[in-house]
$ cat run.txt   # compact mmCIF, C-alpha atoms and all ligand atoms
# COMPACT_ATOMS: atom_id res chain seq x y z
CA MET A 1 98.31 113.83 111.89
CA ARG A 2 99.94 113.77 115.35
CA VAL A 3 103.66 113.43 115.96
CA VAL A 4 104.53 111.81 119.30
CA ARG A 5 107.96 111.11 120.74
CA THR A 6 107.36 109.10 123.89
CA ILE A 7 105.86 105.70 124.55
CA ALA A 8 103.62 107.18 127.26
CA ASP A 9 102.19 109.79 124.84
CA LEU A 10 101.65 107.22 122.13
CA ARG A 11 99.85 104.87 124.52
CA ALA A 12 97.70 107.74 125.81
CA LEU A 13 96.78 108.65 122.24
CA LEU A 14 95.97 105.11 121.13
CA ARG A 15 94.12 103.89 124.23
CA PRO A 16 90.81 105.70 123.56
CA LEU A 17 90.96 104.77 119.87
CA ARG A 18 91.28 101.12 120.78
CA LYS A 19 88.43 101.48 123.29
CA GLU A 20 86.23 102.87 120.52
CA GLY A 21 86.99 99.70 118.57
CA LYS A 22 89.15 101.45 115.98
CA ARG A 23 91.38 99.22 113.89
CA ILE A 24 95.01 100.28 114.21
CA GLY A 25 97.48 99.76 111.39
CA PHE A 26 101.23 100.06 111.86
CA VAL A 27 104.09 100.75 109.47
CA PRO A 28 107.52 100.51 111.15
CA THR A 29 110.25 102.39 109.26
CA MET A 30 113.73 103.78 109.66
CA GLY A 31 112.80 107.01 107.88
CA PHE A 32 114.08 108.52 104.63
CA LEU A 33 110.78 107.35 103.25
CA HIS A 34 109.98 106.70 99.60
CA GLU A 35 107.05 105.50 97.50
CA GLY A 36 107.58 101.97 98.84
CA HIS A 37 106.81 103.19 102.35
CA ALA A 38 103.96 105.34 101.00
CA SER A 39 102.41 102.23 99.52
CA LEU A 40 102.57 100.50 102.95
CA VAL A 41 100.94 103.53 104.59
CA ARG A 42 98.24 103.68 101.90
CA GLN A 43 97.47 99.98 102.34
CA SER A 44 97.19 100.51 106.07
CA ALA A 45 95.03 103.61 105.67
CA ALA A 46 92.72 101.69 103.33
CA ARG A 47 92.32 98.80 105.78
CA CYS A 48 92.52 100.47 109.18
CA ASP A 49 90.90 103.42 110.98
CA ASP A 50 94.23 104.80 112.19
CA THR A 51 97.75 104.30 110.90
CA VAL A 52 100.82 104.71 113.08
CA VAL A 53 104.16 105.12 111.28
CA SER A 54 107.27 104.74 113.45
CA ILE A 55 110.46 106.44 112.33
CA PHE A 56 113.38 105.02 114.26
CA VAL A 57 116.85 104.20 112.93
CA ASN A 58 117.40 101.06 114.97
CA PRO A 59 121.05 100.77 116.01
CA THR A 60 120.82 97.10 117.04
CA GLN A 61 120.23 95.91 113.48
CA PHE A 62 123.38 97.55 112.09
CA GLY A 63 126.72 95.73 112.11
CA PRO A 64 129.89 97.54 113.25
CA SER A 65 130.98 98.19 109.65
CA GLU A 66 127.53 99.25 108.46
CA ASP A 67 126.14 102.67 107.66
CA LEU A 68 124.29 103.61 110.89
CA ALA A 69 125.99 107.00 111.34
CA ASN A 70 125.44 107.93 107.70
CA TYR A 71 121.97 106.49 107.37
CA PRO A 72 120.08 109.12 105.33
CA ARG A 73 117.50 111.24 107.17
CA ASP A 74 114.94 113.82 106.03
CA LEU A 75 112.29 114.26 108.69
CA GLU A 76 110.33 117.03 107.01
CA ARG A 77 109.94 115.08 103.78
CA ASP A 78 109.03 111.94 105.78
CA GLN A 79 106.26 113.79 107.61
CA ASN A 80 104.78 115.12 104.36
CA LEU A 81 104.87 111.68 102.77
CA CYS A 82 103.14 110.13 105.81
CA LEU A 83 100.46 112.81 105.80
CA GLU A 84 99.79 112.48 102.08
CA ALA A 85 99.66 108.68 102.28
CA GLY A 86 97.08 108.75 105.09
CA ALA A 87 99.01 108.19 108.33
CA THR A 88 97.31 109.59 111.43
CA VAL A 89 100.18 109.24 113.91
CA ILE A 90 103.97 109.41 113.60
CA PHE A 91 105.95 107.84 116.44
CA LEU A 92 109.39 109.41 116.56
CA PRO A 93 111.26 108.08 119.59
CA GLU A 94 114.79 108.96 120.64
CA ILE A 95 117.20 106.05 121.04
CA GLY A 96 116.94 106.21 124.86
CA GLU A 97 113.17 105.83 124.68
CA ILE A 98 113.53 102.45 122.96
CA TYR A 99 116.81 101.34 124.55
CA PRO A 100 116.95 102.97 127.99
CA THR A 101 120.01 102.52 130.19
CA GLY A 102 120.13 98.95 131.46
CA PHE A 103 118.32 97.50 128.45
CA GLN A 104 119.38 93.87 128.06
CA THR A 105 116.54 91.71 126.74
CA HIS A 106 116.50 90.64 123.10
CA VAL A 107 114.29 88.55 120.86
CA GLU A 108 116.44 85.80 119.34
CA PRO A 109 115.15 84.65 115.94
CA GLY A 110 115.55 81.01 114.97
CA ARG A 111 117.10 79.42 111.91
CA LEU A 112 115.07 81.49 109.43
CA ALA A 113 117.54 84.25 110.28
CA ASP A 114 120.59 82.15 109.35
CA PRO A 115 120.70 82.03 105.51
CA LEU A 116 120.70 84.85 102.91
CA CYS A 117 121.22 88.25 104.58
CA GLY A 118 121.64 86.56 107.96
CA ARG A 119 124.82 84.84 106.77
CA TYR A 120 126.45 88.18 105.94
CA ARG A 121 124.90 90.39 108.59
CA PRO A 122 125.35 88.54 111.90
CA GLY A 123 123.01 89.89 114.55
CA HIS A 124 120.97 91.89 112.05
CA PHE A 125 117.74 89.95 112.41
CA ARG A 126 118.13 89.77 116.18
CA GLY A 127 118.11 93.56 116.10
CA VAL A 128 115.09 93.58 113.81
CA THR A 129 113.03 91.10 115.83
CA THR A 130 113.91 92.87 119.07
CA VAL A 131 112.85 96.31 117.87
CA VAL A 132 109.77 95.06 116.00
CA ALA A 133 108.62 93.06 119.04
CA LYS A 134 109.06 96.19 121.18
CA LEU A 135 107.22 98.35 118.64
CA PHE A 136 104.40 95.79 118.39
CA SER A 137 104.15 95.86 122.17
CA ILE A 138 104.13 99.66 122.26
CA VAL A 139 101.68 100.23 119.38
CA GLN A 140 99.61 97.02 119.73
CA PRO A 141 98.47 97.21 116.13
CA ASP A 142 95.83 94.98 114.57
CA LEU A 143 97.75 94.89 111.29
CA ALA A 144 101.41 95.64 110.54
CA PHE A 145 102.69 96.28 107.02
CA PHE A 146 106.08 95.27 105.59
CA GLY A 147 107.53 95.45 102.07
CA GLN A 148 108.32 92.32 100.06
CA LYS A 149 111.71 93.74 99.08
CA ASP A 150 113.00 92.64 102.49
CA PHE A 151 111.66 89.16 101.91
CA GLN A 152 113.63 87.37 104.63
CA GLN A 153 112.63 90.06 107.12
CA THR A 154 108.93 89.40 106.40
CA VAL A 155 109.38 85.65 106.96
CA VAL A 156 111.36 86.15 110.19
CA ILE A 157 108.83 88.66 111.57
CA ARG A 158 105.83 86.52 110.67
CA ARG A 159 107.45 83.58 112.46
CA MET A 160 108.23 85.74 115.48
CA ALA A 161 104.63 86.99 115.70
CA ARG A 162 103.37 83.42 115.51
CA ASP A 163 105.93 81.99 117.96
CA LEU A 164 105.32 84.72 120.54
CA ASN A 165 101.53 84.74 120.03
CA LEU A 166 101.58 88.43 119.20
CA PRO A 167 98.02 89.44 118.25
CA VAL A 168 98.92 91.17 114.99
CA ASP A 169 98.42 90.27 111.33
CA VAL A 170 101.64 90.73 109.38
CA VAL A 171 100.74 92.00 105.89
CA VAL A 172 103.35 91.83 103.10
CA VAL A 173 103.02 94.45 100.36
CA PRO A 174 104.59 94.05 96.88
CA THR A 175 107.86 95.85 96.16
CA VAL A 176 107.45 99.28 94.57
CA ARG A 177 109.79 99.95 91.64
CA GLU A 178 110.93 102.89 89.57
CA ALA A 179 109.54 102.93 86.01
CA ASP A 180 112.71 101.14 84.82
CA GLY A 181 112.37 98.37 87.45
CA LEU A 182 114.83 99.47 90.16
CA ALA A 183 113.40 98.44 93.54
CA LEU A 184 112.86 101.50 95.73
CA SER A 185 115.19 101.63 98.73
CA SER A 186 116.42 104.35 101.04
CA ARG A 187 119.91 103.21 100.04
CA ASN A 188 119.30 104.21 96.40
CA ALA A 189 120.15 107.72 97.62
CA TYR A 190 123.82 106.60 97.68
CA LEU A 191 123.84 105.69 93.96
CA ASP A 192 125.27 108.14 91.43
CA GLU A 193 123.98 108.07 87.85
CA ASP A 194 126.37 105.37 86.70
CA ALA A 195 125.82 103.15 89.76
CA ARG A 196 122.06 103.54 89.45
CA ARG A 197 122.16 102.47 85.79
CA ARG A 198 124.32 99.45 86.66
CA ALA A 199 122.07 98.48 89.59
CA LEU A 200 119.21 97.89 87.15
CA CYS A 201 120.74 94.58 86.07
CA LEU A 202 119.57 93.02 89.36
CA HIS A 203 115.94 93.41 88.39
CA LYS A 204 116.72 92.39 84.81
CA GLY A 205 118.34 89.17 86.04
CA LEU A 206 115.40 88.36 88.29
CA LEU A 207 112.98 89.10 85.46
CA ALA A 208 114.93 86.87 83.07
CA ALA A 209 114.77 83.98 85.56
CA SER A 210 111.09 84.61 86.17
CA ALA A 211 110.39 84.63 82.41
CA ALA A 212 112.30 81.34 81.99
CA PHE A 213 110.28 79.88 84.88
CA ALA A 214 107.02 81.03 83.24
CA ALA A 215 108.21 79.39 80.00
CA GLY A 216 108.64 76.05 81.82
CA GLU A 217 112.24 76.01 83.10
CA ARG A 218 112.20 74.26 86.50
CA GLU A 219 115.86 73.48 87.24
CA ALA A 220 116.99 75.67 90.14
CA VAL A 221 120.60 75.70 88.93
CA ARG A 222 119.55 76.79 85.45
CA LEU A 223 117.25 79.54 86.77
CA LEU A 224 120.08 80.91 88.91
CA GLU A 225 122.45 80.81 85.93
CA ILE A 226 119.96 82.81 83.88
CA ALA A 227 119.61 85.40 86.65
CA ARG A 228 123.37 85.65 87.24
CA GLY A 229 124.02 85.93 83.49
CA ALA A 230 122.16 89.24 83.39
CA MET A 231 123.63 90.64 86.63
CA VAL A 232 126.87 91.76 85.06
CA GLY A 233 126.57 95.46 85.91
CA VAL A 234 127.09 95.15 89.68
CA ASP A 235 130.55 95.08 91.27
CA SER A 236 129.93 91.91 93.28
CA ILE A 237 127.09 89.57 94.08
CA GLN A 238 127.05 88.74 97.78
CA TYR A 239 124.50 85.98 97.35
CA LEU A 240 122.05 84.82 94.72
CA GLU A 241 119.88 81.98 95.94
CA LEU A 242 116.66 80.21 95.11
CA VAL A 243 114.89 79.22 98.32
CA ASP A 244 111.60 77.84 99.59
CA THR A 245 109.35 80.77 100.61
CA GLN A 246 108.34 79.05 103.88
CA ASN A 247 111.58 77.72 105.37
CA LEU A 248 114.13 79.66 103.27
CA GLU A 249 116.02 76.44 102.49
CA ALA A 250 117.81 76.30 99.14
CA ILE A 251 115.85 74.44 96.49
CA GLN A 252 117.85 71.53 95.07
CA GLY A 253 116.83 70.15 91.69
CA LYS A 254 113.44 71.18 90.41
CA VAL A 255 111.36 74.11 91.63
CA ASP A 256 108.13 72.30 92.52
CA ARG A 257 106.84 74.61 95.28
CA SER A 258 106.46 78.28 96.06
CA SER A 259 109.99 79.72 95.92
CA VAL A 260 111.82 82.98 95.74
CA ILE A 261 115.09 84.08 94.15
CA CYS A 262 116.85 86.49 96.50
CA VAL A 263 119.87 88.57 95.62
CA ALA A 264 122.18 90.91 97.53
CA ALA A 265 124.84 92.76 95.57
CA TYR A 266 127.20 95.68 95.83
CA VAL A 267 127.22 98.56 93.39
CA GLY A 268 130.23 100.52 94.51
CA SER A 269 129.95 100.47 98.29
CA THR A 270 126.14 100.37 98.27
CA ARG A 271 124.53 97.08 99.17
CA LEU A 272 121.23 96.42 97.41
CA ILE A 273 118.78 93.55 97.76
CA ASP A 274 115.91 92.37 95.58
CA ASN A 275 113.87 89.24 94.96
CA VAL A 276 111.28 87.62 92.73
CA MET A 277 108.76 84.93 93.65
CA LEU A 278 108.40 81.79 91.55
CA VAL A 279 105.06 80.08 92.11
CA PRO A 280 104.39 76.87 90.17
CA PRO A 281 100.84 76.61 88.80
CA HIS A 282 98.68 74.06 90.68
O1 LIG B 1 112.59 97.40 107.25
C1 LIG B 1 112.99 98.29 108.03
O2 LIG B 1 113.02 99.48 107.69
C2 LIG B 1 113.46 97.91 109.44
O3 LIG B 1 114.12 96.69 109.42
C3 LIG B 1 112.33 97.91 110.47
C4 LIG B 1 111.28 96.87 110.16
C5 LIG B 1 111.67 99.29 110.52
C6 LIG B 1 112.89 97.61 111.87
O4 LIG B 1 113.81 98.57 112.27
$ encode --input "run.txt" --output "structure tokens" --more "lines below"
Ligand code: PAF
Amino acid sequence: MRVVRTIADLRALLRPLRKEGKRIGFVPTMGFLHEGHASLVRQSAARCDDTVVSIFVNPTQFGPSEDLANYPRDLERDQNLCLEAGATVIFLPEIGEIYPTGFQTHVEPGRLADPLCGRYRPGHFRGVTTVVAKLFSIVQPDLAFFGQKDFQQTVVIRRMARDLNLPVDVVVVPTVREADGLALSSRNAYLDEDARRRALCLHKGLLAASAAFAAGEREAVRLLEIARGAMVGVDSIQYLELVDTQNLEAIQGKVDRSSVICVAAYVGSTRLIDNVMLVPPH
């Protein structure tokens, strides 16, 4: 596994591979990797000849009151995880490599970035689309892998790739969970024992709604009530919404198409997100 820090070195490394017809997979990350990232890398390694993992804590997707400065980092552990999961290249740029002096061009996402997280994190998805577009342009992967936990992110990025005719397949990989159901997240590192135990109610609420849906409940309002009823352990729910998986618009009335319940909540000062898909049988 090679670790490269500059765009020029990465391009020089990937050029001959591409010439040989090698399929390049890409897993963009912000580091402090966990089993969720490992599963993305494994998927890429299974489907591609080479897998590039980028580790870059992207400042443009953090709001002024967010945790950029304290974002957890552990480079040595990240490198071991990448190696074990089958990555062949780690791209580890400095901030100035991605945002050199004079940088001023951004990728503006459309209305898919407005609801859910977008409502509470203004500018977040603009930061994500900008850095992902840049990384796609630098790596030029055939396939790029993203986790379903960040559901809105996957929808926004897929749209961006389509709208900008970027020649990459965006692959969404199911959320990896702890044995008790907690969705893996780099932010789980902030949870103490009590907060971690309380955070579990998010998954329980989503599971309860999903079970009610499987048992025939179709009223969006009722499904959200069921989910919220179980989410009593968190300190506050920022949003809990049932939306169409394609356009992210809230479902009114009956759930008659592929939908997803998305939640963002605070446990102490830690913001967690999770989701569950509801797919009506044909
Ligand atoms: O999901 C993330 O970790 C980030 O949003 C991403 C895609 C690496 C862009 O910085």
$ closest_residue --input "run.txt" --among "A:Thr101, A:Thr88, A:Ser137, A:Ser185" --to "ligand LIG 1 (chain B)" --atoms "all atoms listed in the file"
A:Ser185
$ closest_residue --input "run.txt" --among "A:Val107, A:Leu191, A:Ala113, A:Ala85" --to "His34 (chain A)" --atoms "all atoms listed in the file"
A:Ala85
$ closest_atom_pairs --input "run.txt" --of "chain A" --to "ligand LIG 1 (chain B)" --cutoff "10 Å" --atoms "all atoms listed in the file" --output "Markdown table"
| residue | atom | partner | partner_atom | distance |
| --- | --- | --- | --- | --- |
| A:Val27 | CA | B:LIG1 | C5 | 7.8 |
| A:Pro28 | CA | B:LIG1 | C5 | 4.4 |
| A:Thr29 | CA | B:LIG1 | C5 | 3.6 |
| A:Met30 | CA | B:LIG1 | O2 | 4.8 |
| A:Gly31 | CA | B:LIG1 | O2 | 7.5 |
| A:Phe32 | CA | B:LIG1 | O2 | 9.6 |
| A:Leu33 | CA | B:LIG1 | O2 | 9.3 |
| A:His37 | CA | B:LIG1 | O2 | 9.0 |
| A:Val53 | CA | B:LIG1 | C5 | 9.5 |
| A:Ser54 | CA | B:LIG1 | C5 | 7.6 |
| A:Ile55 | CA | B:LIG1 | C5 | 7.5 |
| A:Phe56 | CA | B:LIG1 | O4 | 6.8 |
| A:Val57 | CA | B:LIG1 | O4 | 6.4 |
| A:Asn58 | CA | B:LIG1 | O4 | 5.1 |
| A:Pro59 | CA | B:LIG1 | O4 | 8.4 |
| A:Thr60 | CA | B:LIG1 | O4 | 8.6 |
| A:Gln61 | CA | B:LIG1 | O4 | 7.1 |
| A:Phe62 | CA | B:LIG1 | O4 | 9.6 |
| A:His124 | CA | B:LIG1 | O3 | 8.8 |
| A:Phe125 | CA | B:LIG1 | O3 | 8.2 |
| A:Gly127 | CA | B:LIG1 | O4 | 7.6 |
| A:Val128 | CA | B:LIG1 | C6 | 5.0 |
| A:Thr129 | CA | B:LIG1 | C6 | 7.6 |
| A:Thr130 | CA | B:LIG1 | C6 | 8.7 |
| A:Val131 | CA | B:LIG1 | O4 | 6.1 |
| A:Val132 | CA | B:LIG1 | C6 | 5.8 |
| A:Ala133 | CA | B:LIG1 | C6 | 9.5 |
| A:Leu135 | CA | B:LIG1 | C6 | 8.9 |
| A:Ala144 | CA | B:LIG1 | C4 | 10.0 |
| A:Phe145 | CA | B:LIG1 | C4 | 9.2 |
| A:Phe146 | CA | B:LIG1 | O1 | 7.0 |
| A:Gly147 | CA | B:LIG1 | O1 | 7.5 |
| A:Gln148 | CA | B:LIG1 | O1 | 9.8 |
| A:Lys149 | CA | B:LIG1 | O1 | 9.0 |
| A:Asp150 | CA | B:LIG1 | O1 | 6.7 |
| A:Phe151 | CA | B:LIG1 | O1 | 9.9 |
| A:Gln153 | CA | B:LIG1 | O3 | 7.2 |
| A:Thr154 | CA | B:LIG1 | C4 | 8.7 |
| A:Ile157 | CA | B:LIG1 | C4 | 8.7 |
| A:Ser185 | CA | B:LIG1 | O2 | 9.5 |
| A:Ser186 | CA | B:LIG1 | O2 | 8.9 |
$ write_last_selection --input "run.txt" --atoms "C-alpha atoms" --output "tab-separated table (two decimals), keeping the file's coordinate frame"
chain	number	residue	atom	x	y	z
A	27	VAL	CA	104.09	100.75	109.47
A	28	PRO	CA	107.52	100.51	111.15
A	29	THR	CA	110.25	102.39	109.26
A	30	MET	CA	113.73	103.78	109.66
A	31	GLY	CA	112.80	107.01	107.88
A	32	PHE	CA	114.08	108.52	104.63
A	33	LEU	CA	110.78	107.35	103.25
A	37	HIS	CA	106.81	103.19	102.35
A	53	VAL	CA	104.16	105.12	111.28
A	54	SER	CA	107.27	104.74	113.45
A	55	ILE	CA	110.46	106.44	112.33
A	56	PHE	CA	113.38	105.02	114.26
A	57	VAL	CA	116.85	104.20	112.93
A	58	ASN	CA	117.40	101.06	114.97
A	59	PRO	CA	121.05	100.77	116.01
A	60	THR	CA	120.82	97.10	117.04
A	61	GLN	CA	120.23	95.91	113.48
A	62	PHE	CA	123.38	97.55	112.09
A	124	HIS	CA	120.97	91.89	112.05
A	125	PHE	CA	117.74	89.95	112.41
A	127	GLY	CA	118.11	93.56	116.10
A	128	VAL	CA	115.09	93.58	113.81
A	129	THR	CA	113.03	91.10	115.83
A	130	THR	CA	113.91	92.87	119.07
A	131	VAL	CA	112.85	96.31	117.87
A	132	VAL	CA	109.77	95.06	116.00
A	133	ALA	CA	108.62	93.06	119.04
A	135	LEU	CA	107.22	98.35	118.64
A	144	ALA	CA	101.41	95.64	110.54
A	145	PHE	CA	102.69	96.28	107.02
A	146	PHE	CA	106.08	95.27	105.59
A	147	GLY	CA	107.53	95.45	102.07
A	148	GLN	CA	108.32	92.32	100.06
A	149	LYS	CA	111.71	93.74	99.08
A	150	ASP	CA	113.00	92.64	102.49
A	151	PHE	CA	111.66	89.16	101.91
A	153	GLN	CA	112.63	90.06	107.12
A	154	THR	CA	108.93	89.40	106.40
A	157	ILE	CA	108.83	88.66	111.57
A	185	SER	CA	115.19	101.63	98.73
A	186	SER	CA	116.42	104.35	101.04
$ closest_residue --input "run.txt" --among "A:Ser39, A:Val234, A:Arg119, A:Gly25" --to "Phe136 (chain A)" --atoms "all atoms listed in the file"
A:Gly25
$ atom_distance --input "run.txt" --atom1 "CA of Leu116 (chain A)" --atom2 "CA of Ile261 (chain A)"
10.4 Å
$ closest_residue --input "run.txt" --among "A:Arg222, A:Arg11, A:Lys19, A:Arg73" --to "Val52 (chain A)" --atoms "all atoms listed in the file"
A:Arg11
$ atom_distance --input "run.txt" --atom1 "CA of Val176 (chain A)" --atom2 "CA of Glu108 (chain A)"
29.6 Å
$ closest_residue --input "run.txt" --among "A:Ala209, A:Ala220, A:Ala195, A:Cys201" --to "Gly181 (chain A)" --atoms "only C-alpha atoms"
A:Cys201
$ build_atoms --input "run.txt" --residues "region 7-18 of chain A" --atoms "N, CA, C and O atoms" --output "PDB file, in the coordinates of the input"
ATOM      1  N   ILE A   7     106.736 106.871 124.494  1.00  0.00           N
ATOM      2  CA  ILE A   7     105.860 105.700 124.550  1.00  0.00           C
ATOM      3  C   ILE A   7     104.593 106.058 125.338  1.00  0.00           C
ATOM      4  O   ILE A   7     103.477 105.703 124.942  1.00  0.00           O
ATOM      5  N   ALA A   8     104.773 106.814 126.427  1.00  0.00           N
ATOM      6  CA  ALA A   8     103.620 107.180 127.260  1.00  0.00           C
ATOM      7  C   ALA A   8     102.614 108.002 126.447  1.00  0.00           C
ATOM      8  O   ALA A   8     101.404 107.749 126.495  1.00  0.00           O
ATOM      9  N   ASP A   9     103.105 108.971 125.653  1.00  0.00           N
ATOM     10  CA  ASP A   9     102.190 109.790 124.840  1.00  0.00           C
ATOM     11  C   ASP A   9     101.498 108.953 123.772  1.00  0.00           C
ATOM     12  O   ASP A   9     100.321 109.149 123.476  1.00  0.00           O
ATOM     13  N   LEU A  10     102.258 108.045 123.187  1.00  0.00           N
ATOM     14  CA  LEU A  10     101.650 107.220 122.130  1.00  0.00           C
ATOM     15  C   LEU A  10     100.552 106.345 122.736  1.00  0.00           C
ATOM     16  O   LEU A  10      99.450 106.244 122.201  1.00  0.00           O
ATOM     17  N   ARG A  11     100.849 105.741 123.871  1.00  0.00           N
ATOM     18  CA  ARG A  11      99.850 104.870 124.520  1.00  0.00           C
ATOM     19  C   ARG A  11      98.610 105.679 124.891  1.00  0.00           C
ATOM     20  O   ARG A  11      97.476 105.226 124.699  1.00  0.00           O
ATOM     21  N   ALA A  12      98.843 106.896 125.404  1.00  0.00           N
ATOM     22  CA  ALA A  12      97.700 107.740 125.810  1.00  0.00           C
ATOM     23  C   ALA A  12      96.850 108.104 124.586  1.00  0.00           C
ATOM     24  O   ALA A  12      95.627 108.201 124.674  1.00  0.00           O
ATOM     25  N   LEU A  13      97.509 108.289 123.465  1.00  0.00           N
ATOM     26  CA  LEU A  13      96.780 108.650 122.240  1.00  0.00           C
ATOM     27  C   LEU A  13      95.982 107.464 121.678  1.00  0.00           C
ATOM     28  O   LEU A  13      94.863 107.619 121.186  1.00  0.00           O
ATOM     29  N   LEU A  14      96.597 106.274 121.774  1.00  0.00           N
ATOM     30  CA  LEU A  14      95.970 105.110 121.130  1.00  0.00           C
ATOM     31  C   LEU A  14      94.900 104.437 121.998  1.00  0.00           C
ATOM     32  O   LEU A  14      93.975 103.817 121.471  1.00  0.00           O
ATOM     33  N   ARG A  15      95.039 104.603 123.321  1.00  0.00           N
ATOM     34  CA  ARG A  15      94.120 103.890 124.230  1.00  0.00           C
ATOM     35  C   ARG A  15      92.646 104.169 123.918  1.00  0.00           C
ATOM     36  O   ARG A  15      91.880 103.222 123.699  1.00  0.00           O
ATOM     37  N   PRO A  16      92.237 105.457 123.842  1.00  0.00           N
ATOM     38  CA  PRO A  16      90.810 105.700 123.560  1.00  0.00           C
ATOM     39  C   PRO A  16      90.385 105.201 122.179  1.00  0.00           C
ATOM     40  O   PRO A  16      89.251 104.745 122.013  1.00  0.00           O
ATOM     41  N   LEU A  17      91.313 105.253 121.215  1.00  0.00           N
ATOM     42  CA  LEU A  17      90.960 104.770 119.870  1.00  0.00           C
ATOM     43  C   LEU A  17      90.638 103.278 119.931  1.00  0.00           C
ATOM     44  O   LEU A  17      89.647 102.803 119.367  1.00  0.00           O
ATOM     45  N   ARG A  18      91.494 102.558 120.648  1.00  0.00           N
ATOM     46  CA  ARG A  18      91.280 101.120 120.780  1.00  0.00           C
ATOM     47  C   ARG A  18      89.971 100.841 121.498  1.00  0.00           C
ATOM     48  O   ARG A  18      89.222  99.943 121.120  1.00  0.00           O
TER      49      ARG A  18
END
